[in-house]
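Beneath this line is the structure, given in structure tokens, with notes to follow.
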Amino acid sequence: LLRDQGYENVIIPQVKPLSPGEVLGCTSPKLNHHQNNNQQQEESENSTTRTCCLFVADGRFHLESTLISNPDIDVYYRYDPYGKTITTESYEHEEMKGIRWQAIQQASQALQQTTPATFGIILGTLGRQGNPAIVQRIKETLRKQQDGTCRSFVILLSEITPAKLALLDDKVQVWVQVACPRLSVDWGHFLSQNNKPVLSPYELFVATQETDWQQVYPMDFYAQSGGPWANYHEENKQRQVGF
């Protein structure tokens with residue numbers, strides 16, 4: 001339909017194992033990876049060429065995953081098939097990254113103190129969100145911190161709420177949740193009533209210097225190409241844990 005209307009170089013992107021065009025709230029394709037060399041050269045030579053993303057959805061949650069992982073796209077349109085409306089969409093990238101970087105710094109500072117820090121690790125039990133193998137990886141990473149004195153414990157929650165975290169907030173310096181990364185991205189700064197950071201696995205690995213901070217925040221939790229914080233990373237595929 002778009003090609004019939006004169007649009008050129010129309011693609012339906014894919015991040016495996018998802019289907020073409022499928023996006024999750026925590027997993028979205030990198031759109032520039034789907035451009036071939038001729039397209040990229042054409043756009044660089046023609047300053048009037050614009051890259052557009054048309055997203056079909058009745059809400060913003062899944063669209064925001066694509067917005068987060070593709071900040072360089074010129075314009076985003078969202079078509080709502082129920083309301084039959086089309087809107088221009090955007091995202092406050094710098095505000096989000098500033099908030100998440102502050103949370104990571106809080107965790108880093110807790111690990112630099114002479115007093116052993118206590119990390120609460122939350123394994124989500126809703127559907128297939130929580131991956132025990134990622135929990136194990138986090139536990140092993142924390143065991144190496146503070147000359148082996150850093151402490152951690154694991155709790156299982158079907159839903160992460162401020163009321164539930166408040167029950168243990170006074171015993172924890174940092175929370176790490178292995179459920180949905182968007183809980184940290186969207187709500188991490190609201191979940192703790194005592195302003196304790198609530199990190200995603202990626203953020204925890206940045207805080208412990210296991211991985212570098214990425215200027216484009218990763219949305220690859222269920223991507224085959226995801227990092228060590230992702231479900232389909234080679235060491236996390238079996239979803240097994242040993243305590």
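Ligands are numbered from 1 in the order shown, residues from 1 within each chain, and chains are lettered A, B, ... in the order they appear in the structure tokens.
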Note to self: Using only C-alpha atoms, which protein or nucleic acid residues come within 12 Å of Cys150 (chain A)? Drop anything in the same chain fewer than 2 positions from it, and give the result as a VMD selection string.
What the structure shows: chain A and resid 107 110 to 120 138 to 148 152 to 153 172 to 174 208
Residues from the last selection, N, CA, C and O atoms, saved as a JSON list (two decimals), in the first residue's frame:
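What ended up in again09.json:
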[["chain", "number", "residue", "atom", "x", "y", "z"],
["A", 107, "ALA", "N", 23.91, 2.69, 42.69],
["A", 107, "ALA", "CA", 24.36, 1.32, 42.92],
["A", 107, "ALA", "C", 25.88, 1.24, 42.96],
["A", 107, "ALA", "O", 26.45, 0.53, 43.80],
["A", 110, "ALA", "N", 27.10, 2.43, 46.27],
["A", 110, "ALA", "CA", 26.87, 1.44, 47.33],
["A", 110, "ALA", "C", 27.97, 0.38, 47.33],
["A", 110, "ALA", "O", 28.39, -0.10, 48.40],
["A", 111, "LEU", "N", 28.48, 0.03, 46.16],
["A", 111, "LEU", "CA", 29.54, -0.97, 46.06],
["A", 111, "LEU", "C", 30.91, -0.41, 46.44],
["A", 111, "LEU", "O", 31.83, -1.18, 46.70],
["A", 112, "GLN", "N", 31.05, 0.91, 46.46],
["A", 112, "GLN", "CA", 32.32, 1.53, 46.82],
["A", 112, "GLN", "C", 32.46, 1.78, 48.31],
["A", 112, "GLN", "O", 33.54, 2.14, 48.78],
["A", 113, "GLN", "N", 31.40, 1.59, 49.06],
["A", 113, "GLN", "CA", 31.46, 1.81, 50.50],
["A", 113, "GLN", "C", 32.20, 0.67, 51.18],
["A", 113, "GLN", "O", 32.27, -0.46, 50.68],
["A", 114, "THR", "N", 32.73, 0.97, 52.37],
["A", 114, "THR", "CA", 33.45, -0.07, 53.12],
["A", 114, "THR", "C", 32.48, -1.06, 53.76],
["A", 114, "THR", "O", 32.83, -2.22, 53.98],
["A", 115, "THR", "N", 31.27, -0.60, 54.08],
["A", 115, "THR", "CA", 30.26, -1.49, 54.63],
["A", 115, "THR", "C", 29.69, -2.36, 53.52],
["A", 115, "THR", "O", 29.32, -1.84, 52.46],
["A", 116, "PRO", "N", 29.59, -3.67, 53.72],
["A", 116, "PRO", "CA", 29.03, -4.55, 52.68],
["A", 116, "PRO", "C", 27.62, -4.11, 52.27],
["A", 116, "PRO", "O", 26.76, -3.87, 53.12],
["A", 117, "ALA", "N", 27.40, -4.01, 50.98],
["A", 117, "ALA", "CA", 26.09, -3.64, 50.46],
["A", 117, "ALA", "C", 25.21, -4.88, 50.34],
["A", 117, "ALA", "O", 25.70, -5.99, 50.15],
["A", 118, "THR", "N", 23.90, -4.66, 50.46],
["A", 118, "THR", "CA", 22.94, -5.75, 50.29],
["A", 118, "THR", "C", 22.07, -5.45, 49.07],
["A", 118, "THR", "O", 21.45, -4.39, 48.99],
["A", 119, "PHE", "N", 22.04, -6.39, 48.14],
["A", 119, "PHE", "CA", 21.25, -6.27, 46.93],
["A", 119, "PHE", "C", 20.07, -7.24, 47.02],
["A", 119, "PHE", "O", 20.25, -8.42, 47.30],
["A", 120, "GLY", "N", 18.88, -6.73, 46.77],
["A", 120, "GLY", "CA", 17.71, -7.58, 46.67],
["A", 120, "GLY", "C", 17.43, -7.90, 45.22],
["A", 120, "GLY", "O", 17.23, -7.00, 44.40],
["A", 138, "ILE", "N", 23.65, -12.67, 37.87],
["A", 138, "ILE", "CA", 23.72, -11.50, 38.75],
["A", 138, "ILE", "C", 24.33, -11.88, 40.10],
["A", 138, "ILE", "O", 25.18, -11.15, 40.63],
["A", 139, "LYS", "N", 23.91, -13.01, 40.66],
["A", 139, "LYS", "CA", 24.46, -13.46, 41.95],
["A", 139, "LYS", "C", 25.97, -13.66, 41.86],
["A", 139, "LYS", "O", 26.72, -13.25, 42.75],
["A", 140, "GLU", "N", 26.43, -14.28, 40.78],
["A", 140, "GLU", "CA", 27.86, -14.52, 40.61],
["A", 140, "GLU", "C", 28.62, -13.20, 40.46],
["A", 140, "GLU", "O", 29.74, -13.06, 40.97],
["A", 141, "THR", "N", 28.01, -12.26, 39.76],
["A", 141, "THR", "CA", 28.65, -10.95, 39.60],
["A", 141, "THR", "C", 28.77, -10.23, 40.94],
["A", 141, "THR", "O", 29.82, -9.66, 41.27],
["A", 142, "LEU", "N", 27.71, -10.27, 41.74],
["A", 142, "LEU", "CA", 27.73, -9.58, 43.04],
["A", 142, "LEU", "C", 28.69, -10.25, 44.02],
["A", 142, "LEU", "O", 29.26, -9.57, 44.88],
["A", 143, "ARG", "N", 28.88, -11.55, 43.91],
["A", 143, "ARG", "CA", 29.81, -12.24, 44.82],
["A", 143, "ARG", "C", 31.24, -11.72, 44.65],
["A", 143, "ARG", "O", 32.06, -11.83, 45.58],
["A", 144, "LYS", "N", 31.55, -11.19, 43.49],
["A", 144, "LYS", "CA", 32.91, -10.69, 43.24],
["A", 144, "LYS", "C", 33.11, -9.26, 43.71],
["A", 144, "LYS", "O", 34.23, -8.75, 43.69],
["A", 145, "GLN", "N", 32.03, -8.61, 44.15],
["A", 145, "GLN", "CA", 32.12, -7.20, 44.53],
["A", 145, "GLN", "C", 32.57, -7.04, 45.98],
["A", 145, "GLN", "O", 32.37, -7.93, 46.81],
["A", 146, "GLN", "N", 33.16, -5.88, 46.26],
["A", 146, "GLN", "CA", 33.58, -5.53, 47.63],
["A", 146, "GLN", "C", 34.43, -6.64, 48.26],
["A", 146, "GLN", "O", 34.22, -7.03, 49.42],
["A", 147, "ASP", "N", 35.37, -7.16, 47.50],
["A", 147, "ASP", "CA", 36.26, -8.22, 47.98],
["A", 147, "ASP", "C", 35.49, -9.43, 48.50],
["A", 147, "ASP", "O", 35.90, -10.09, 49.47],
["A", 148, "GLY", "N", 34.36, -9.70, 47.86],
["A", 148, "GLY", "CA", 33.59, -10.88, 48.22],
["A", 148, "GLY", "C", 32.64, -10.70, 49.38],
["A", 148, "GLY", "O", 32.00, -11.66, 49.83],
["A", 152, "SER", "N", 23.58, -10.60, 48.87],
["A", 152, "SER", "CA", 22.37, -10.54, 48.05],
["A", 152, "SER", "C", 21.41, -11.64, 48.48],
["A", 152, "SER", "O", 21.82, -12.65, 49.07],
["A", 153, "PHE", "N", 20.15, -11.43, 48.19],
["A", 153, "PHE", "CA", 19.14, -12.46, 48.40],
["A", 153, "PHE", "C", 18.15, -12.39, 47.26],
["A", 153, "PHE", "O", 18.04, -11.38, 46.56],
["A", 172, "VAL", "N", 17.86, -3.16, 52.33],
["A", 172, "VAL", "CA", 18.42, -3.25, 50.98],
["A", 172, "VAL", "C", 18.99, -1.89, 50.55],
["A", 172, "VAL", "O", 18.38, -0.85, 50.81],
["A", 173, "GLN", "N", 20.15, -1.93, 49.92],
["A", 173, "GLN", "CA", 20.71, -0.70, 49.33],
["A", 173, "GLN", "C", 20.31, -0.56, 47.86],
["A", 173, "GLN", "O", 20.10, 0.54, 47.36],
["A", 174, "VAL", "N", 20.18, -1.69, 47.17],
["A", 174, "VAL", "CA", 19.87, -1.68, 45.74],
["A", 174, "VAL", "C", 18.97, -2.87, 45.42],
["A", 174, "VAL", "O", 19.20, -3.98, 45.90],
["A", 208, "THR", "N", 28.35, -2.63, 37.90],
["A", 208, "THR", "CA", 29.46, -3.48, 38.34],
["A", 208, "THR", "C", 30.60, -3.52, 37.32],
["A", 208, "THR", "O", 31.54, -4.31, 37.48]]
Within 9 Å of region 98-101 of chain A, which residues of region 115-229 of chain A show up? Give each one with its shortest atom-to-atom distance in Å (one decimal) and the two atoms involved, counting only C-alpha atoms, rows by chain then rising residue number, as a tab-separated table.
residue	atom	partner	partner_atom	distance
A:Ser184	CA	A:Arg100	CA	8.0
A:Val185	CA	A:Arg100	CA	6.8
A:Gly188	CA	A:Arg100	CA	8.2
A:His189	CA	A:Ile99	CA	7.6
A:Pro197	CA	A:Arg100	CA	8.9
A:Leu199	CA	A:Arg100	CA	8.2
A:Glu203	CA	A:Arg100	CA	7.9
A:Trp213	CA	A:Trp101	CA	8.7
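These are the residues of region 59-150 of chain A assigned strand (DSSP E or B) by DSSP from backbone coordinates: Val75, Tyr76, Tyr77, Arg78, Tyr79, Asp80, Thr85, Ile86, Thr87, Thr88, Glu89, Thr118, Phe119, Gly120, Ile121, Ile122, Leu123 and Gly124 of chain A.
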If you count only C-alpha atoms, the residue of A:Ser28, A:Gln102, A:Gln215, A:Ser65 closest to Val198 (chain A) turns out to be A:Gln102
Exercise for the section: Might you pull out every residue within 10 Å of Tyr82 (chain A), with only C-alpha atoms counted and same-chain residues fewer than 2 positions away left off, and present them as a ChimeraX atom specification? Expected result: /A:57-58,79-80,84-85
Serialized selection, C-alpha atoms, as an mmCIF file, in the first residue's frame:
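This is the output file part.cif:
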data_model
loop_
_atom_site.group_PDB
_atom_site.id
_atom_site.type_symbol
_atom_site.label_atom_id
_atom_site.label_comp_id
_atom_site.auth_asym_id
_atom_site.auth_seq_id
_atom_site.Cartn_x
_atom_site.Cartn_y
_atom_site.Cartn_z
ATOM 1 C CA ALA A 57 -0.889 0.194 17.501
ATOM 2 C CA ASP A 58 -3.649 1.448 19.762
ATOM 3 C CA TYR A 79 -1.723 4.708 13.300
ATOM 4 C CA ASP A 80 -4.506 3.595 15.640
ATOM 5 C CA LYS A 84 -8.588 5.494 12.805
ATOM 6 C CA THR A 85 -6.228 8.293 13.800
#
Checklist entry - Where does DSSP see helix (DSSP H, G or I) in region 5-242 of chain A, if you list the residues as number ranges by chain? => result A: 31-34, 37-45, 61-69, 93-112, 132-143, 145-148, 162-166, 169-171, 181-191, 201-207
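The gap separating CA of Gly226 (chain A) from CA of Leu24 (chain A) is 13.6 Å, in Å to one decimal.
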Extract, using only C-alpha atoms, all DNA, RNA and protein residues at most 9 Å from Glu159 (chain A), discarding same-chain residues fewer than 4 positions from it, and format them as a PyMOL selection string.
chain A and resi 124-126+164
Generate a file of the selected residues that holds N, CA, C and O atoms, formatted as a CSV table (one decimal), in the first residue's frame.
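The resulting file, again_14.csv, is shown below:
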chain,number,residue,atom,x,y,z
A,124,GLY,N,10.9,-12.3,38.7
A,124,GLY,CA,9.5,-12.1,38.3
A,124,GLY,C,8.9,-13.5,37.9
A,124,GLY,O,9.5,-14.3,37.2
A,125,THR,N,7.7,-13.7,38.4
A,125,THR,CA,7.1,-15.0,38.2
A,125,THR,C,5.9,-14.9,37.2
A,125,THR,O,5.1,-15.9,37.0
A,126,LEU,N,5.7,-13.7,36.7
A,126,LEU,CA,4.6,-13.5,35.8
A,126,LEU,C,4.9,-14.0,34.4
A,126,LEU,O,5.9,-13.5,33.7
A,164,LYS,N,5.2,-3.7,48.3
A,164,LYS,CA,5.9,-5.0,48.5
A,164,LYS,C,7.4,-4.7,48.8
A,164,LYS,O,8.0,-5.3,49.7
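Coordinates place CA of Ala230 (chain A) at a distance of 13.3 Å from CA of Val15 (chain A).
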